[in-house]
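Structure file work_31.cif (mmCIF, C-alpha atoms) is printed below.
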data_work
#
loop_
_atom_site.label_atom_id
_atom_site.label_comp_id
_atom_site.auth_asym_id
_atom_site.auth_seq_id
_atom_site.Cartn_x
_atom_site.Cartn_y
_atom_site.Cartn_z
CA MET A 2 12.53 -2.97 -3.11
CA ASN A 3 15.13 -1.97 -5.69
CA MET A 4 14.65 -0.74 -9.25
CA THR A 5 15.22 -4.21 -10.71
CA LYS A 6 12.29 -5.64 -8.76
CA THR A 7 10.18 -2.66 -9.78
CA ALA A 8 11.03 -3.30 -13.45
CA ILE A 9 10.10 -6.98 -13.10
CA LEU A 10 6.79 -6.04 -11.50
CA LEU A 11 5.96 -3.56 -14.25
CA ALA A 12 6.86 -6.15 -16.92
CA ALA A 13 4.58 -8.71 -15.29
CA MET A 14 1.73 -6.22 -15.12
CA THR A 15 2.24 -5.34 -18.78
CA ALA A 16 2.12 -9.02 -19.74
CA LEU A 17 -1.11 -9.46 -17.80
CA PHE A 18 -2.60 -6.43 -19.55
CA MET A 19 -1.64 -7.87 -22.93
CA GLY A 20 -3.07 -11.27 -22.01
CA ILE A 21 -6.41 -9.75 -21.11
CA GLY A 22 -6.34 -7.64 -24.27
CA PHE A 23 -5.69 -10.78 -26.36
CA MET A 24 -8.58 -12.60 -24.74
CA ILE A 25 -10.90 -9.68 -25.50
CA GLY A 26 -9.75 -8.74 -29.00
CA GLY A 27 -7.13 -11.17 -30.28
CA GLU A 28 -3.82 -9.86 -31.62
CA ALA A 29 -5.23 -6.38 -32.18
CA GLY A 30 -6.52 -6.33 -28.61
CA ALA A 31 -3.13 -7.40 -27.30
CA ALA A 32 -1.40 -4.64 -29.28
CA ILE A 33 -3.83 -2.01 -27.99
CA ALA A 34 -3.42 -3.33 -24.45
CA PHE A 35 0.37 -3.10 -24.79
CA VAL A 36 0.18 0.55 -25.82
CA ILE A 37 -2.21 1.32 -22.96
CA ALA A 38 -0.08 -0.59 -20.46
CA ALA A 39 3.12 1.15 -21.61
CA GLY A 40 1.45 4.51 -21.18
CA MET A 41 0.10 3.52 -17.77
CA ASN A 42 3.54 2.34 -16.63
CA VAL A 43 5.03 5.73 -17.44
CA PHE A 44 2.07 7.56 -15.93
CA ALA A 45 2.11 5.39 -12.79
CA TYR A 46 5.83 5.99 -12.24
CA TRP A 47 5.35 9.75 -12.19
CA ASN A 48 1.82 10.12 -10.84
CA SER A 49 0.73 7.01 -8.90
CA ASP A 50 1.55 8.61 -5.55
CA LYS A 51 -0.72 11.55 -6.32
CA MET A 52 -3.47 9.17 -7.45
CA VAL A 53 -3.31 7.12 -4.26
CA LEU A 54 -3.35 10.21 -2.07
CA ARG A 55 -6.35 11.49 -4.04
CA MET A 56 -8.14 8.12 -3.71
CA HIS A 57 -7.99 8.47 0.05
CA GLY A 58 -8.84 12.17 0.14
CA ALA A 59 -5.48 13.02 1.70
CA ARG A 60 -4.94 16.69 2.51
CA GLU A 61 -1.43 18.15 2.67
CA VAL A 62 -0.70 20.00 5.90
CA THR A 63 2.02 22.36 7.06
CA GLU A 64 3.57 22.98 10.45
CA ARG A 65 1.10 25.82 10.99
CA GLU A 66 -1.88 23.48 10.51
CA ALA A 67 -0.56 20.40 12.34
CA PRO A 68 2.53 21.49 14.32
CA ASN A 69 2.99 18.39 16.49
CA TYR A 70 2.56 15.96 13.60
CA VAL A 71 4.80 17.82 11.16
CA ARG A 72 7.54 18.51 13.71
CA LEU A 73 7.53 14.86 14.72
CA VAL A 74 7.99 13.73 11.11
CA GLN A 75 10.73 16.32 10.63
CA ARG A 76 12.61 15.12 13.71
CA LEU A 77 12.33 11.48 12.69
CA ALA A 78 13.39 12.26 9.10
CA GLU A 79 16.52 13.90 10.49
CA ASN A 80 17.19 10.79 12.59
CA ALA A 81 16.83 8.66 9.45
CA ASN A 82 19.00 11.00 7.37
CA LEU A 83 16.12 11.51 4.93
CA PRO A 84 14.76 14.60 3.19
CA MET A 85 11.62 15.93 4.86
CA PRO A 86 8.64 14.21 3.15
CA ARG A 87 5.38 15.98 2.43
CA THR A 88 2.87 15.40 5.22
CA TYR A 89 -0.79 14.53 4.66
CA ILE A 90 -3.84 13.90 6.82
CA ILE A 91 -6.70 11.60 5.82
CA GLU A 92 -10.11 12.32 7.32
CA THR A 93 -11.22 8.95 8.65
CA ALA A 94 -11.76 7.63 12.16
CA GLN A 95 -9.85 4.42 11.47
CA PRO A 96 -6.29 4.66 12.83
CA ASN A 97 -3.82 3.97 10.01
CA ALA A 98 -0.99 5.41 7.93
CA PHE A 99 1.03 4.87 4.77
CA ALA A 100 3.96 6.29 2.83
CA THR A 101 4.21 6.87 -0.89
CA GLY A 102 6.49 8.40 -3.53
CA ARG A 103 8.87 7.25 -6.25
CA ASN A 104 12.00 8.08 -4.21
CA PRO A 105 13.03 9.72 -0.91
CA GLU A 106 13.25 13.12 -2.61
CA ASN A 107 9.62 12.88 -3.75
CA ALA A 108 8.05 11.09 -0.80
CA ALA A 109 4.99 11.69 1.33
CA VAL A 110 3.57 10.26 4.53
CA ALA A 111 -0.14 10.18 5.33
CA ALA A 112 -1.77 9.63 8.72
CA THR A 113 -5.48 9.36 9.42
CA THR A 114 -7.24 11.61 11.89
CA GLY A 115 -8.08 8.47 13.82
CA LEU A 116 -4.39 7.70 14.18
CA LEU A 117 -3.51 11.21 15.32
CA ASN A 118 -6.35 11.24 17.85
CA MET A 119 -5.98 7.71 19.21
CA LEU A 120 -2.24 7.19 19.68
CA THR A 121 0.08 8.60 22.28
CA PRO A 122 2.93 10.81 21.00
CA GLU A 123 5.33 7.90 21.53
CA GLU A 124 3.16 5.47 19.58
CA LEU A 125 2.73 8.00 16.79
CA ALA A 126 6.51 8.35 16.62
CA GLY A 127 6.80 4.59 16.19
CA VAL A 128 4.28 4.58 13.34
CA MET A 129 5.79 7.49 11.45
CA ALA A 130 9.27 6.01 11.89
CA HIS A 131 7.94 2.81 10.28
CA GLU A 132 6.65 4.80 7.31
CA LEU A 133 9.95 6.63 6.96
CA ALA A 134 11.64 3.23 6.97
CA HIS A 135 9.60 2.29 3.89
CA ILE A 136 10.86 5.46 2.23
CA LYS A 137 14.47 4.76 3.22
CA ASN A 138 14.16 1.15 2.01
CA ARG A 139 12.66 2.45 -1.26
CA ASP A 140 9.57 0.27 -0.90
CA THR A 141 7.22 3.10 -1.71
CA LEU A 142 7.57 3.15 -5.51
CA THR A 143 6.72 -0.53 -5.88
CA MET A 144 3.93 -0.29 -3.30
CA THR A 145 2.28 2.66 -5.01
CA VAL A 146 2.67 1.46 -8.61
CA THR A 147 1.31 -1.93 -7.58
CA ALA A 148 -1.77 -0.31 -6.06
CA THR A 149 -2.44 1.74 -9.20
CA LEU A 150 -1.96 -1.06 -11.72
CA ALA A 151 -3.73 -3.73 -9.68
CA GLY A 152 -6.77 -1.49 -9.57
CA ALA A 153 -6.50 -0.89 -13.33
CA ILE A 154 -6.40 -4.62 -14.03
CA SER A 155 -9.61 -5.10 -12.08
CA MET A 156 -11.20 -2.33 -14.12
CA LEU A 157 -10.03 -3.94 -17.37
CA ALA A 158 -11.55 -7.23 -16.28
CA ASN A 159 -14.87 -5.48 -15.69
CA PHE A 160 -14.50 -3.87 -19.12
CA ALA A 161 -14.32 -7.37 -20.61
CA PHE A 162 -17.91 -7.93 -19.50
CA PHE A 163 -19.18 -5.61 -22.24
CA PHE A 164 -17.51 -7.78 -24.88
CA GLY A 165 -18.58 -11.09 -23.41
CA ASN A 166 -21.08 -11.74 -26.15
CA ASN A 167 -18.65 -11.03 -28.98
CA ARG A 168 -18.19 -14.38 -30.70
CA ASN A 169 -15.07 -13.10 -32.44
CA ASN A 170 -13.06 -12.46 -29.31
CA ALA A 171 -10.12 -14.75 -28.70
CA GLY A 172 -11.54 -16.63 -25.77
CA GLY A 173 -15.25 -16.55 -26.48
CA LEU A 174 -17.78 -16.30 -23.69
CA ILE A 175 -15.95 -18.83 -21.50
CA GLY A 176 -12.67 -16.97 -21.91
CA THR A 177 -14.33 -13.68 -21.03
CA LEU A 178 -15.89 -15.16 -17.93
CA GLY A 179 -12.47 -16.50 -17.01
CA ILE A 180 -11.02 -13.01 -17.31
CA MET A 181 -13.72 -11.56 -15.10
CA ILE A 182 -13.01 -14.14 -12.38
CA LEU A 183 -9.24 -14.63 -12.61
CA ALA A 184 -8.00 -11.12 -13.39
CA PRO A 185 -9.18 -9.63 -10.07
CA MET A 186 -7.56 -12.58 -8.30
CA ALA A 187 -4.33 -11.85 -10.18
CA ALA A 188 -4.62 -8.22 -9.10
CA ALA A 189 -4.89 -9.39 -5.50
CA LEU A 190 -1.87 -11.63 -5.94
CA VAL A 191 0.12 -8.70 -7.28
CA GLN A 192 -0.21 -7.14 -3.84
CA MET A 193 1.62 -10.18 -2.54
CA ALA A 194 4.42 -9.65 -5.09
CA ILE A 195 5.82 -7.29 -2.52
CA SER A 196 7.07 -9.70 0.13
CA ARG A 197 5.54 -9.47 3.59
CA THR A 198 9.10 -9.32 4.84
CA ARG A 199 9.12 -5.62 3.83
CA GLU A 200 6.86 -4.99 6.84
CA TYR A 201 9.26 -6.78 9.18
CA SER A 202 12.15 -4.83 7.66
CA ALA A 203 10.30 -1.53 8.06
CA ASP A 204 9.38 -2.44 11.64
CA GLN A 205 13.02 -3.10 12.47
CA LEU A 206 14.37 0.03 10.81
CA GLY A 207 11.48 2.10 12.15
CA ALA A 208 12.29 0.96 15.69
CA GLU A 209 15.88 2.04 15.13
CA ILE A 210 14.80 5.43 13.77
CA CYS A 211 12.57 6.26 16.75
CA GLY A 212 14.86 4.47 19.20
CA ARG A 213 12.09 2.57 21.05
CA PRO A 214 10.80 -0.72 19.56
CA MET A 215 7.98 -0.90 22.10
CA TRP A 216 6.50 2.40 20.92
CA LEU A 217 5.81 0.76 17.55
CA ALA A 218 4.71 -2.53 19.13
CA SER A 219 2.11 -0.75 21.24
CA ALA A 220 0.94 1.28 18.24
CA LEU A 221 0.49 -1.83 16.06
CA GLN A 222 -1.75 -3.44 18.66
CA ARG A 223 -3.83 -0.31 19.09
CA ILE A 224 -4.16 0.22 15.32
CA GLU A 225 -5.19 -3.38 14.70
CA SER A 226 -7.88 -3.09 17.35
CA GLY A 227 -9.16 0.12 15.78
CA ALA A 228 -9.10 -1.27 12.22
CA ALA A 229 -11.20 -4.23 13.36
CA ARG A 230 -13.90 -1.91 14.70
CA ILE A 231 -13.85 1.08 12.35
CA ASP A 232 -14.39 1.07 8.61
CA ASN A 233 -12.16 2.95 6.19
CA GLU A 234 -14.59 3.73 3.38
CA ALA A 235 -11.95 4.95 0.92
CA ALA A 236 -9.93 1.77 1.42
CA GLU A 237 -13.05 -0.35 0.95
CA ARG A 238 -13.63 1.39 -2.39
CA ASN A 239 -9.97 0.90 -3.39
CA PRO A 240 -8.90 -2.46 -1.91
CA ALA A 241 -5.86 -2.62 -4.21
CA THR A 242 -4.25 0.00 -1.95
CA ALA A 243 -4.65 -2.06 1.24
CA HIS A 244 -1.06 -3.34 1.21
CA MET A 245 0.27 0.21 1.53
CA PHE A 246 -1.09 0.76 5.05
CA ILE A 247 0.79 -0.15 8.22
CA ILE A 248 -2.16 -2.38 9.23
CA ASN A 249 -4.62 -3.83 6.72
CA PRO A 250 -7.48 -1.30 6.56
CA LEU A 251 -9.90 -4.01 5.36
CA HIS A 252 -9.80 -6.01 8.61
CA ALA A 253 -13.30 -4.85 9.41
CA HIS A 254 -14.68 -7.06 6.61
CA LYS A 255 -12.11 -9.89 6.72
CA ARG A 256 -11.25 -9.38 3.05
CA ASP A 257 -7.65 -10.34 3.66
CA SER A 258 -8.43 -13.91 4.76
CA LEU A 259 -7.25 -15.38 1.43
CA PHE A 260 -4.72 -12.86 0.14
CA SER A 261 -3.24 -11.35 3.28
CA THR A 262 -0.83 -8.55 2.48
CA HIS A 263 0.41 -8.08 6.04
CA PRO A 264 2.14 -10.46 8.46
CA ALA A 265 0.26 -11.23 11.67
CA THR A 266 0.49 -8.36 14.12
CA THR A 267 1.33 -10.78 16.93
CA ASN A 268 4.41 -11.89 15.00
CA ARG A 269 5.45 -8.31 14.33
CA VAL A 270 5.04 -7.40 18.00
CA ALA A 271 7.04 -10.46 19.05
CA LYS A 272 9.95 -9.40 16.84
CA LEU A 273 9.84 -5.88 18.23
CA LYS A 274 9.83 -7.24 21.78
CA ALA A 275 12.89 -9.31 20.91
CA MET A 276 14.60 -6.13 19.70
CA ALA A 277 13.76 -4.51 23.03
CA GLY A 278 15.09 -7.52 24.96
CA MET A 279 11.67 -8.51 26.27
CA SER A 280 9.94 -11.87 26.51
CA PRO A 281 7.03 -12.39 24.08
CA LYS A 282 4.74 -12.76 27.12
CA GLU A 283 5.67 -9.40 28.58
CA GLY A 284 3.75 -6.12 27.94
CA PRO A 285 3.23 -3.64 26.50
#
What does the file become when written as structure tokens?
Amino acid sequence: MNMTKTAILLAAMTALFMGIGFMIGGEAGAAIAFVIAAGMNVFAYWNSDKMVLRMHGAREVTEREAPNYVRLVQRLAENANLPMPRTYIIETAQPNAFATGRNPENAAVAATTGLLNMLTPEELAGVMAHELAHIKNRDTLTMTVTATLAGAISMLANFAFFFGNNRNNAGGLIGTLGIMILAPMAAALVQMAISRTREYSADQLGAEICGRPMWLASALQRIESGAARIDNEAAERNPATAHMFIINPLHAHKRDSLFSTHPATTNRVAKLKAMAGMSPKEGP
């Protein structure tokens, strides 16, 4: 994702904010919403990564605290010709990971304890290489800002409930009910504004960074199996961040059936097998 696409996304989110503000309070509401949205855009650019990490209770670790994990990320970052990102651990049994940050110089990677405990060192290398690929492709700014603003839109829609009985609002009761129903759907669709092809691209580059496509293929299958069995409570509380993870953390409750933010794992594995020169029916 380049800066132009990020600007388009932020403009669309601002327009949606203003539309909701107009429905709640007419022209004055739209003006107030514009000021709030402008402030949030600036704040999200500089702070959305910190907010997302905080949402998931991520804890920054050093080489002294997690030597194998940090050294692995450092080695892979060198392979990718990237600055060393900050490394975080999330205390949850569900295996998963994501990357965040407005640019490679201010990036971070986060892995769950479930991921670190469940995967082999080779599989973990594949996963972290995938996350570094997102950083190198500059996906992380759009991913993180989208998560922050999509969540804010849902909150604004809930806020509209308290003004539903105001006969002077622009849309009346029907308009307010429409906001409450459609705005969260729009927030979910925003997650799809980032093309699913970014995952394929990160898979491909990640396989090149770690040098073994099948390490990532095996990891994806293991993570998907774990996500289907183990809840990620922080992700359930903040579903707008689901698209940031390597595998949808909401699989346990099938919330992605309508607005899937990830391509099918079987398709991703098939592409990685093709990179490794294997038949789709072969292992791992």
* To do: Around the point (10.2, -2.9, 12.2) in the file's coordinates, collect all residues with an atom within 12 Å, using all atoms listed in the file, and return them as a ChimeraX atom specification.
  => /A:127-135,138,197-218,220-221,247,264,266,268-277
Box for segment 240-247 of chain A: with edges along x, y and z, all listed atoms inside and 6 Å added on each side, what are the centre and edge lengths in Å to one decimal, as lines of an AutoDock Vina configuration file?
center_x = -4.1
center_y = -1.3
center_z = 2.0
size_x = 21.7
size_y = 16.1
size_z = 24.4
* Asked: Any chance you could work out the residue set of the PyMOL selection byres ((chain A and resi 87-99) around 6) here, as number ranges by chain?
  -> A: 59-62, 86, 100, 109-116, 224, 228, 231, 233, 245-247
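Each of A:Glu225, A:Ala38, A:Ala243, A:Met279 was checked against Met119 of chain A using only C-alpha atoms; the smallest atom-to-atom distance is that of A:Glu225.
Relative to atom CA of Ser219 of chain A, atom CA of Glu123 of chain A is found at 9.2 Å.
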* Of the residues A:Ile154, A:Ala81, A:Val74, A:Ala39, which is the one nearest to Leu17 of chain A, using only C-alpha atoms? -> A:Ile154
* To do: Just give me the gap between atom CA of Leu77 of chain A and atom CA of Arg65 of chain A in Å, one decimal is fine.
  => 18.3 Å
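With atom CA of Asn104 of chain A on one side and atom CA of Ile136 of chain A on the other, the separation reads 7.0 Å.
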